[in-house]
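Structure below is query_31.txt: compact mmCIF, C-alpha atoms.
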```
# COMPACT_ATOMS: atom_id res chain seq x y z
CA LEU A 108 -3.48 -6.68 8.50
CA LEU A 109 -2.12 -5.45 5.21
CA ALA A 110 1.31 -3.85 5.43
CA GLY A 111 3.15 -2.22 2.56
CA SER A 112 6.88 -2.76 3.01
CA ASP A 113 9.46 -0.31 1.66
CA SER A 114 12.21 -2.96 1.88
CA ARG A 115 14.69 -2.90 -1.01
CA SER A 116 16.06 -6.36 -0.22
CA PHE A 117 14.92 -7.56 -3.66
CA VAL A 118 16.96 -4.91 -5.52
CA LYS A 119 19.65 -6.61 -7.60
CA THR A 120 20.04 -4.69 -10.85
CA PRO A 121 21.05 -1.09 -11.70
CA GLY A 122 17.58 -0.56 -13.17
CA GLN A 123 15.88 -1.63 -9.95
CA CYS A 124 18.29 0.52 -7.97
CA LYS A 125 17.33 3.54 -10.06
CA SER A 126 13.59 2.83 -9.74
CA PHE A 127 13.38 1.90 -6.06
CA GLY A 128 16.58 3.14 -4.46
CA CYS A 129 19.34 1.09 -2.90
CA GLY A 130 22.26 1.29 -0.51
CA ALA A 131 22.51 2.27 3.13
CA ASP A 132 20.13 5.24 2.76
CA VAL A 133 17.19 2.88 2.20
CA GLY A 134 18.22 0.02 4.47
CA GLY A 135 15.87 -1.87 6.75
CA ALA A 136 12.13 -1.93 6.26
CA ARG A 137 9.24 0.24 7.33
CA SER A 138 5.50 -0.23 6.94
CA ASP A 139 4.51 3.06 5.37
CA VAL A 140 1.19 1.45 4.46
CA ILE A 141 -0.77 -0.01 7.38
CA ILE A 142 -4.34 -1.03 6.58
CA LEU A 143 -6.69 -3.15 8.67
CA VAL A 144 -9.01 -5.04 6.32
CA ARG A 145 -12.21 -6.59 7.60
CA VAL A 146 -13.96 -9.02 5.27
CA VAL A 147 -17.64 -9.69 5.97
CA PRO A 148 -18.70 -12.50 3.60
CA ALA A 149 -22.35 -12.58 4.71
CA ALA A 150 -22.79 -8.91 3.90
CA ARG A 151 -20.46 -9.03 0.85
CA LYS A 152 -18.47 -6.15 2.32
CA VAL A 153 -14.83 -5.22 2.68
CA GLU A 154 -14.05 -2.53 5.23
CA MET A 155 -10.65 -0.81 5.43
CA LEU A 156 -9.09 1.30 8.18
CA SER A 157 -5.79 3.06 7.46
CA ILE A 158 -3.40 3.82 10.30
CA PRO A 159 -1.08 6.76 9.49
CA ARG A 160 2.55 5.64 9.59
CA ASP A 161 3.55 8.45 12.00
CA THR A 162 0.91 7.55 14.61
CA TRP A 163 2.64 7.87 18.01
CA VAL A 164 2.18 4.64 19.96
CA THR A 165 3.77 2.52 22.65
CA ILE A 166 5.62 -0.38 21.00
CA PRO A 167 5.92 -3.38 23.34
CA GLY A 168 9.07 -5.34 24.09
CA ASN A 169 12.61 -4.30 24.85
CA ILE A 170 14.13 -3.65 21.44
CA GLN A 171 16.65 -0.83 21.37
CA TYR A 172 15.57 2.24 19.37
CA ILE A 173 12.19 0.62 18.61
CA SER A 174 10.29 -0.32 21.79
CA GLY A 175 8.60 2.33 23.91
CA GLN A 176 7.18 5.58 22.57
CA ASN A 177 7.70 5.62 18.82
CA ARG A 178 6.04 5.92 15.43
CA ILE A 179 3.99 2.85 14.58
CA ASN A 180 5.87 2.11 11.36
CA ALA A 181 9.04 1.56 13.41
CA ALA A 182 7.49 -1.64 14.80
CA PHE A 183 7.81 -3.22 11.36
CA ASN A 184 11.59 -2.66 11.34
CA ALA A 185 12.17 -5.29 14.02
CA GLY A 186 12.62 -8.07 11.47
CA SER A 187 9.17 -9.67 11.54
CA PRO A 188 5.53 -8.53 11.41
CA SER A 189 4.76 -9.92 14.86
CA LEU A 190 5.77 -6.73 16.68
CA LEU A 191 3.49 -4.62 14.48
CA VAL A 192 0.64 -7.06 15.15
CA SER A 193 1.33 -6.90 18.90
CA THR A 194 1.44 -3.11 18.81
CA ILE A 195 -1.95 -2.84 17.11
CA LEU A 196 -3.48 -5.33 19.56
CA GLN A 197 -2.03 -3.50 22.58
CA ASP A 198 -2.73 0.09 21.53
CA PHE A 199 -5.95 -0.27 19.53
CA HIS A 200 -7.37 -3.50 21.05
CA ILE A 201 -7.96 -4.93 17.58
CA PRO A 202 -7.09 -8.64 17.13
CA ILE A 203 -5.37 -9.62 13.89
CA ASN A 204 -6.34 -12.94 12.30
CA TYR A 205 -4.14 -12.86 9.21
CA PHE A 206 -1.19 -10.87 7.91
CA VAL A 207 -0.14 -9.98 4.37
CA GLU A 208 2.95 -7.96 3.48
CA VAL A 209 3.15 -6.39 0.02
CA ASN A 210 6.46 -5.19 -1.39
CA PHE A 211 7.02 -2.87 -4.36
CA LEU A 212 7.14 -5.64 -6.97
CA GLY A 213 4.13 -7.40 -5.48
CA LEU A 214 1.94 -4.36 -5.88
CA GLN A 215 3.09 -3.80 -9.46
CA ASN A 216 2.44 -7.44 -10.36
CA MET A 217 -1.03 -7.44 -8.81
CA VAL A 218 -2.05 -4.39 -10.81
CA ASN A 219 -0.62 -5.78 -14.05
CA ALA A 220 -2.27 -9.18 -13.42
CA ILE A 221 -5.71 -7.55 -13.74
CA GLY A 222 -4.72 -5.41 -16.71
CA GLY A 223 -4.29 -2.19 -14.72
CA VAL A 224 -6.88 -0.12 -12.88
CA HIS A 225 -8.92 2.88 -13.99
CA LEU A 226 -8.49 6.03 -11.90
CA ASN A 227 -10.03 9.45 -12.37
CA PHE A 228 -7.68 12.42 -11.93
CA LYS A 229 -9.13 15.86 -11.37
CA ASP A 230 -5.87 17.54 -12.46
CA PRO A 231 -2.49 16.50 -13.87
CA VAL A 232 -0.29 15.29 -10.99
CA LYS A 233 3.35 14.41 -10.45
CA ASP A 234 5.80 13.39 -7.76
CA VAL A 235 9.48 13.71 -8.64
CA VAL A 236 10.47 11.43 -5.75
CA THR A 237 8.38 8.38 -6.72
CA GLY A 238 8.30 9.06 -10.47
CA LEU A 239 4.55 9.65 -10.69
CA ARG A 240 3.55 11.61 -13.78
CA VAL A 241 -0.04 11.94 -14.94
CA LYS A 242 -0.06 14.48 -17.76
CA PHE A 243 -3.79 14.81 -18.38
CA PRO A 244 -6.91 14.95 -16.17
CA GLY A 245 -9.77 12.50 -16.45
CA CYS A 246 -10.26 8.75 -16.17
CA GLN A 247 -7.35 6.69 -17.42
CA LEU A 248 -5.75 3.26 -17.18
CA VAL A 249 -2.97 3.06 -14.59
CA THR A 250 -0.48 0.18 -14.81
CA GLY A 251 1.74 -1.29 -12.10
CA VAL A 252 4.63 1.18 -12.26
CA GLN A 253 2.44 4.28 -12.00
CA ALA A 254 0.15 2.67 -9.43
CA LEU A 255 3.15 2.08 -7.18
CA ALA A 256 4.32 5.67 -7.71
CA LEU A 257 0.85 6.93 -6.74
CA VAL A 258 0.40 4.93 -3.53
CA ARG A 259 3.95 5.84 -2.41
CA SER A 260 3.58 9.57 -3.14
CA ARG A 261 4.07 12.01 -0.26
CA HIS A 262 5.37 14.92 -2.35
CA LEU A 263 2.42 15.28 -4.69
CA GLN A 264 2.04 18.27 -6.99
CA TYR A 265 -1.00 19.13 -9.07
CA LYS A 266 -1.41 21.44 -12.06
CA VAL A 267 -4.19 24.03 -12.34
CA LYS A 268 -4.35 26.41 -15.32
CA GLY A 269 -0.73 25.75 -16.22
CA VAL A 270 0.65 26.30 -12.69
CA TRP A 271 2.04 23.53 -10.47
CA TYR A 272 1.01 23.60 -6.79
CA ASN A 273 2.32 21.55 -3.87
CA ASP A 274 -0.11 19.30 -2.04
CA TYR A 275 0.68 19.64 1.66
CA GLY A 276 -1.43 16.70 2.76
CA SER A 277 1.66 14.44 2.83
CA ASP A 278 0.75 11.12 4.44
CA PHE A 279 -2.97 12.00 4.65
CA THR A 280 -3.05 12.54 0.87
CA ARG A 281 -1.18 9.28 0.42
CA ILE A 282 -3.74 7.44 2.55
CA ARG A 283 -6.59 8.93 0.53
CA ASN A 284 -4.88 7.88 -2.71
CA GLN A 285 -4.27 4.38 -1.36
CA GLN A 286 -7.92 3.92 -0.43
CA THR A 287 -9.02 5.21 -3.85
CA PHE A 288 -6.56 2.80 -5.45
CA PHE A 289 -7.86 -0.22 -3.51
CA ARG A 290 -11.46 0.62 -4.40
CA ALA A 291 -10.38 0.71 -8.05
CA VAL A 292 -8.68 -2.69 -7.68
CA ILE A 293 -11.85 -4.22 -6.22
CA HIS A 294 -13.94 -2.65 -8.98
CA GLN A 295 -11.59 -4.05 -11.63
CA LEU A 296 -11.62 -7.50 -10.04
CA ASN A 297 -15.42 -7.52 -10.24
CA HIS A 298 -15.07 -7.20 -14.01
CA GLU A 299 -12.01 -9.38 -14.60
CA THR A 300 -12.50 -12.32 -12.25
CA THR A 301 -15.96 -13.65 -12.99
CA ASN A 302 -14.99 -17.27 -12.39
CA PRO A 303 -12.84 -19.23 -9.92
CA LEU A 304 -10.16 -20.04 -12.51
CA ALA A 305 -9.59 -16.36 -13.30
CA LEU A 306 -9.55 -15.53 -9.61
CA ASN A 307 -7.04 -18.30 -8.99
CA SER A 308 -4.81 -16.91 -11.76
CA PHE A 309 -4.85 -13.46 -10.18
CA ILE A 310 -3.91 -14.81 -6.76
CA ASN A 311 -1.14 -16.98 -8.22
CA ALA A 312 0.27 -13.96 -10.05
CA ALA A 313 0.23 -11.93 -6.86
CA VAL A 314 1.41 -14.23 -4.11
CA GLY A 315 4.95 -14.69 -5.44
CA ASP A 316 5.98 -11.26 -4.17
CA LEU A 317 3.84 -11.25 -1.04
CA THR A 318 4.67 -12.41 2.48
CA ILE A 319 1.62 -14.23 3.86
CA ASP A 320 1.30 -15.83 7.28
CA SER A 321 1.16 -19.61 7.22
CA THR A 322 -2.46 -19.84 8.42
CA PHE A 323 -3.81 -17.75 5.53
CA SER A 324 -4.15 -20.47 2.88
CA GLU A 325 -4.64 -19.90 -0.83
CA SER A 326 -7.96 -21.78 -0.68
CA LEU A 327 -9.16 -19.38 2.03
CA MET A 328 -8.10 -16.39 -0.08
CA ILE A 329 -10.10 -17.71 -3.01
CA SER A 330 -13.10 -18.42 -0.79
CA LEU A 331 -13.05 -14.90 0.67
CA ALA A 332 -12.51 -13.32 -2.74
```
Mind converting the file's structure to structure tokens?
Amino acid sequence: LLAGSDSRSFVKTPGQCKSFGCGADVGGARSDVIILVRVVPAARKVEMLSIPRDTWVTIPGNIQYISGQNRINAAFNAGSPSLLVSTILQDFHIPINYFVEVNFLGLQNMVNAIGGVHLNFKDPVKDVVTGLRVKFPGCQLVTGVQALALVRSRHLQYKVKGVWYNDYGSDFTRIRNQQTFFRAVIHQLNHETTNPLALNSFINAAVGDLTIDSTFSESLMISLA
């Protein structure tokens, strides 16, 4: 289970506050990215299933304002990932073997550790909320800051013949962009990490800002990768 956390607990400087938000209006943590990743080593395949954050589910337990009928991303706000894992097992009957939580800085560092990713944009796009700004169409290198702005975007606008239009896909557009982004990451890793030492360097650069369950060892990550 890969969960993208919107927690701002790491925010300490005015610059981070400006980039990510801070204060009571962004307190707590929600999993606005929920992706089930299935790795099949024998077939050399990675399969991903995104669960929209507003999926209406029954969250187990007896936690006030969280348990019962609620949006699935509320399960993550209980203080640990275990409730989100339990919710997925109960409502979707999918067992979770390992858990990884990625925060804002973790995603940026992973992208920068592989030198950025190449993404192809049909039109110029922007999102004034996340700070996304792609001025020109076509394939281009996207670094950590813009990659984060893209995968967080729910207020996307695109430009056609000089006119800006709103994309009303909201979370569905965000899911599509996230899946495109992860495919680009895997493609870039195929080029950048052609040996175990390079792969180890990438994982070491990434894990500092990730929360990984204790059973998911670094040696297992390298073996799967």
Separating atom CA of A:Thr120 from atom CA of A:Thr250, to the nearest tenth of an Å, is a gap of 21.5 Å
So which one's closest to A:Ile221, A:Thr162, A:Ser260, A:Asn311, A:Gln285? Using all atoms listed in the file, please.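 Nearest candidate to A:Ile221 out of A:Thr162, A:Ser260, A:Asn311, A:Gln285: A:Asn311.
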Which residue of A:Gly251, A:Ile329, A:Ser138, A:Ser193 approaches A:Leu212 most closely, using only C-alpha atoms: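 Using only C-alpha atoms, the shortest distance to A:Leu212 belongs to A:Gly251.
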* **Residues within 12 Å of stretch 317-324 of chain A, only C-alpha atoms, excluding chain neighbours under 3 positions, as a ChimeraX atom specification** => /A:108-112,117,187-189,192,203-217,310-314,327-331
Pairwise distance, atom CA of A:Val258 with atom CA of A:His294, equals 17.1 Å
Would you give me, as JSON lines, each residue of stretch 184-258 of chain A having an atom within 10 Å of an atom of stretch 263-272 of chain A, along with its shortest atom pair and that distance in Å to one decimal, using only C-alpha atoms and sorting by chain and residue number?
```
{"residue": "A:Phe228", "atom": "CA", "partner": "A:Tyr265", "partner_atom": "CA", "distance": 9.9}
{"residue": "A:Lys229", "atom": "CA", "partner": "A:Tyr265", "partner_atom": "CA", "distance": 9.1}
{"residue": "A:Asp230", "atom": "CA", "partner": "A:Lys266", "partner_atom": "CA", "distance": 5.9}
{"residue": "A:Pro231", "atom": "CA", "partner": "A:Lys266", "partner_atom": "CA", "distance": 5.4}
{"residue": "A:Val232", "atom": "CA", "partner": "A:Tyr265", "partner_atom": "CA", "distance": 4.4}
{"residue": "A:Lys233", "atom": "CA", "partner": "A:Gln264", "partner_atom": "CA", "distance": 5.3}
{"residue": "A:Asp234", "atom": "CA", "partner": "A:Leu263", "partner_atom": "CA", "distance": 4.9}
{"residue": "A:Val235", "atom": "CA", "partner": "A:Leu263", "partner_atom": "CA", "distance": 8.2}
{"residue": "A:Val236", "atom": "CA", "partner": "A:Leu263", "partner_atom": "CA", "distance": 9.0}
{"residue": "A:Thr237", "atom": "CA", "partner": "A:Leu263", "partner_atom": "CA", "distance": 9.3}
{"residue": "A:Leu239", "atom": "CA", "partner": "A:Leu263", "partner_atom": "CA", "distance": 8.5}
{"residue": "A:Arg240", "atom": "CA", "partner": "A:Gln264", "partner_atom": "CA", "distance": 9.6}
{"residue": "A:Val241", "atom": "CA", "partner": "A:Tyr265", "partner_atom": "CA", "distance": 9.3}
{"residue": "A:Lys242", "atom": "CA", "partner": "A:Lys266", "partner_atom": "CA", "distance": 9.1}
{"residue": "A:Phe243", "atom": "CA", "partner": "A:Lys266", "partner_atom": "CA", "distance": 9.5}
{"residue": "A:Pro244", "atom": "CA", "partner": "A:Lys266", "partner_atom": "CA", "distance": 9.4}
{"residue": "A:Leu257", "atom": "CA", "partner": "A:Leu263", "partner_atom": "CA", "distance": 8.7}
```
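Of note, atom CA of A:Ile142 and atom CA of A:Pro167 are spaced 19.8 Å apart.
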Counting all atoms listed in the file, closest pick from A:Val153, A:Leu143, A:Val164, A:Ala332 relative to A:Ile179 is A:Val164
For a quick check of understanding, using all atoms listed in the file, which of A:Pro121, A:Pro159, A:Ile293, A:Phe183 has the smallest distance to A:Thr280?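 Comparing A:Pro121, A:Pro159, A:Ile293, A:Phe183 against A:Thr280, the winner is A:Pro159.
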Of A:Gly245, A:His225, A:Ala254, A:Glu325, the one sitting nearest A:His298 when using only C-alpha atoms is A:His225
My list of candidates is A:Ser326, A:Thr194, A:Asn273, A:Gln247. Which is closest to A:Pro303 when distances are computed with all atoms listed in the file?
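Using all atoms listed in the file, the shortest distance to A:Pro303 belongs to A:Ser326.
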Around all the atoms of stretch 257-275 of chain A listed in the file, draw an axis-aligned box and extend it by 6 Å on each of the six sides; I want its centre and edge lengths in Å to one decimal, as AutoDock Vina command-line options.
```
--center_x 0.5 --center_y 15.7 --center_z -7.3 --size_x 21.7 --size_y 33.5 --size_z 29.9
```
Just save stretch 210-285 of chain A with C-alpha atoms, as a PDB file, in the first residue's frame.
```pdb
ATOM      1  CA  ASN A 210       5.292  12.887   2.218  1.00  0.00           C
ATOM      2  CA  PHE A 211       5.818  16.012   0.118  1.00  0.00           C
ATOM      3  CA  LEU A 212       9.592  16.155   0.601  1.00  0.00           C
ATOM      4  CA  GLY A 213       9.973  12.422   0.007  1.00  0.00           C
ATOM      5  CA  LEU A 214       8.383  12.640  -3.410  1.00  0.00           C
ATOM      6  CA  GLN A 215      10.502  15.638  -4.381  1.00  0.00           C
ATOM      7  CA  ASN A 216      13.698  13.897  -3.260  1.00  0.00           C
ATOM      8  CA  MET A 217      12.877  10.691  -5.124  1.00  0.00           C
ATOM      9  CA  VAL A 218      12.334  12.577  -8.367  1.00  0.00           C
ATOM     10  CA  ASN A 219      15.509  14.623  -7.937  1.00  0.00           C
ATOM     11  CA  ALA A 220      17.514  11.493  -7.020  1.00  0.00           C
ATOM     12  CA  ILE A 221      16.937  10.113 -10.534  1.00  0.00           C
ATOM     13  CA  GLY A 222      17.550  13.455 -12.239  1.00  0.00           C
ATOM     14  CA  GLY A 223      13.871  14.238 -12.832  1.00  0.00           C
ATOM     15  CA  VAL A 224      11.354  12.490 -15.068  1.00  0.00           C
ATOM     16  CA  HIS A 225      10.294  13.170 -18.647  1.00  0.00           C
ATOM     17  CA  LEU A 226       6.588  13.868 -19.164  1.00  0.00           C
ATOM     18  CA  ASN A 227       4.732  14.748 -22.333  1.00  0.00           C
ATOM     19  CA  PHE A 228       2.185  17.571 -22.057  1.00  0.00           C
ATOM     20  CA  LYS A 229      -0.442  17.961 -24.740  1.00  0.00           C
ATOM     21  CA  ASP A 230      -1.075  21.600 -23.750  1.00  0.00           C
ATOM     22  CA  PRO A 231       0.358  24.165 -21.333  1.00  0.00           C
ATOM     23  CA  VAL A 232      -1.101  23.510 -17.863  1.00  0.00           C
ATOM     24  CA  LYS A 233      -1.215  25.273 -14.521  1.00  0.00           C
ATOM     25  CA  ASP A 234      -2.690  24.984 -11.044  1.00  0.00           C
ATOM     26  CA  VAL A 235      -2.591  28.135  -8.926  1.00  0.00           C
ATOM     27  CA  VAL A 236      -3.226  26.118  -5.746  1.00  0.00           C
ATOM     28  CA  THR A 237      -0.254  23.735  -6.015  1.00  0.00           C
ATOM     29  CA  GLY A 238       2.011  26.046  -8.029  1.00  0.00           C
ATOM     30  CA  LEU A 239       2.093  23.886 -11.160  1.00  0.00           C
ATOM     31  CA  ARG A 240       3.090  25.842 -14.249  1.00  0.00           C
ATOM     32  CA  VAL A 241       4.024  24.179 -17.532  1.00  0.00           C
ATOM     33  CA  LYS A 242       4.349  26.937 -20.115  1.00  0.00           C
ATOM     34  CA  PHE A 243       4.899  24.884 -23.260  1.00  0.00           C
ATOM     35  CA  PRO A 244       3.471  21.629 -24.670  1.00  0.00           C
ATOM     36  CA  GLY A 245       5.593  18.630 -25.531  1.00  0.00           C
ATOM     37  CA  CYS A 246       7.988  16.307 -23.729  1.00  0.00           C
ATOM     38  CA  GLN A 247      10.051  17.962 -21.023  1.00  0.00           C
ATOM     39  CA  LEU A 248      12.072  17.244 -17.900  1.00  0.00           C
ATOM     40  CA  VAL A 249      10.082  17.643 -14.679  1.00  0.00           C
ATOM     41  CA  THR A 250      11.989  18.047 -11.402  1.00  0.00           C
ATOM     42  CA  GLY A 251      10.827  17.375  -7.850  1.00  0.00           C
ATOM     43  CA  VAL A 252       9.002  20.646  -7.158  1.00  0.00           C
ATOM     44  CA  GLN A 253       6.899  20.533 -10.324  1.00  0.00           C
ATOM     45  CA  ALA A 254       6.325  16.780 -10.025  1.00  0.00           C
ATOM     46  CA  LEU A 255       4.827  17.324  -6.579  1.00  0.00           C
ATOM     47  CA  ALA A 256       2.669  20.168  -7.906  1.00  0.00           C
ATOM     48  CA  LEU A 257       1.412  17.886 -10.697  1.00  0.00           C
ATOM     49  CA  VAL A 258       0.482  14.864  -8.577  1.00  0.00           C
ATOM     50  CA  ARG A 259      -1.269  17.121  -6.028  1.00  0.00           C
ATOM     51  CA  SER A 260      -3.247  19.091  -8.633  1.00  0.00           C
ATOM     52  CA  ARG A 261      -7.042  19.059  -8.385  1.00  0.00           C
ATOM     53  CA  HIS A 262      -7.622  22.509  -9.906  1.00  0.00           C
ATOM     54  CA  LEU A 263      -5.912  21.939 -13.227  1.00  0.00           C
ATOM     55  CA  GLN A 264      -6.243  24.391 -16.103  1.00  0.00           C
ATOM     56  CA  TYR A 265      -5.053  23.861 -19.648  1.00  0.00           C
ATOM     57  CA  LYS A 266      -4.422  26.340 -22.468  1.00  0.00           C
ATOM     58  CA  VAL A 267      -5.742  25.858 -26.010  1.00  0.00           C
ATOM     59  CA  LYS A 268      -5.184  28.536 -28.681  1.00  0.00           C
ATOM     60  CA  GLY A 269      -4.402  31.164 -26.078  1.00  0.00           C
ATOM     61  CA  VAL A 270      -7.457  30.463 -23.884  1.00  0.00           C
ATOM     62  CA  TRP A 271      -7.300  28.852 -20.435  1.00  0.00           C
ATOM     63  CA  TYR A 272      -9.932  26.188 -19.665  1.00  0.00           C
ATOM     64  CA  ASN A 273     -10.777  24.496 -16.365  1.00  0.00           C
ATOM     65  CA  ASP A 274     -10.357  20.749 -16.130  1.00  0.00           C
ATOM     66  CA  TYR A 275     -13.342  19.449 -14.179  1.00  0.00           C
ATOM     67  CA  GLY A 276     -11.952  15.966 -13.647  1.00  0.00           C
ATOM     68  CA  SER A 277     -10.739  16.935 -10.147  1.00  0.00           C
ATOM     69  CA  ASP A 278      -9.558  13.812  -8.328  1.00  0.00           C
ATOM     70  CA  PHE A 279      -9.984  11.592 -11.409  1.00  0.00           C
ATOM     71  CA  THR A 280      -7.605  13.844 -13.359  1.00  0.00           C
ATOM     72  CA  ARG A 281      -5.220  13.774 -10.416  1.00  0.00           C
ATOM     73  CA  ILE A 282      -5.284   9.960 -10.376  1.00  0.00           C
ATOM     74  CA  ARG A 283      -4.584   9.851 -14.111  1.00  0.00           C
ATOM     75  CA  ASN A 284      -1.663  12.259 -13.663  1.00  0.00           C
ATOM     76  CA  GLN A 285      -0.312  10.226 -10.744  1.00  0.00           C
TER      77      GLN A 285
END
```
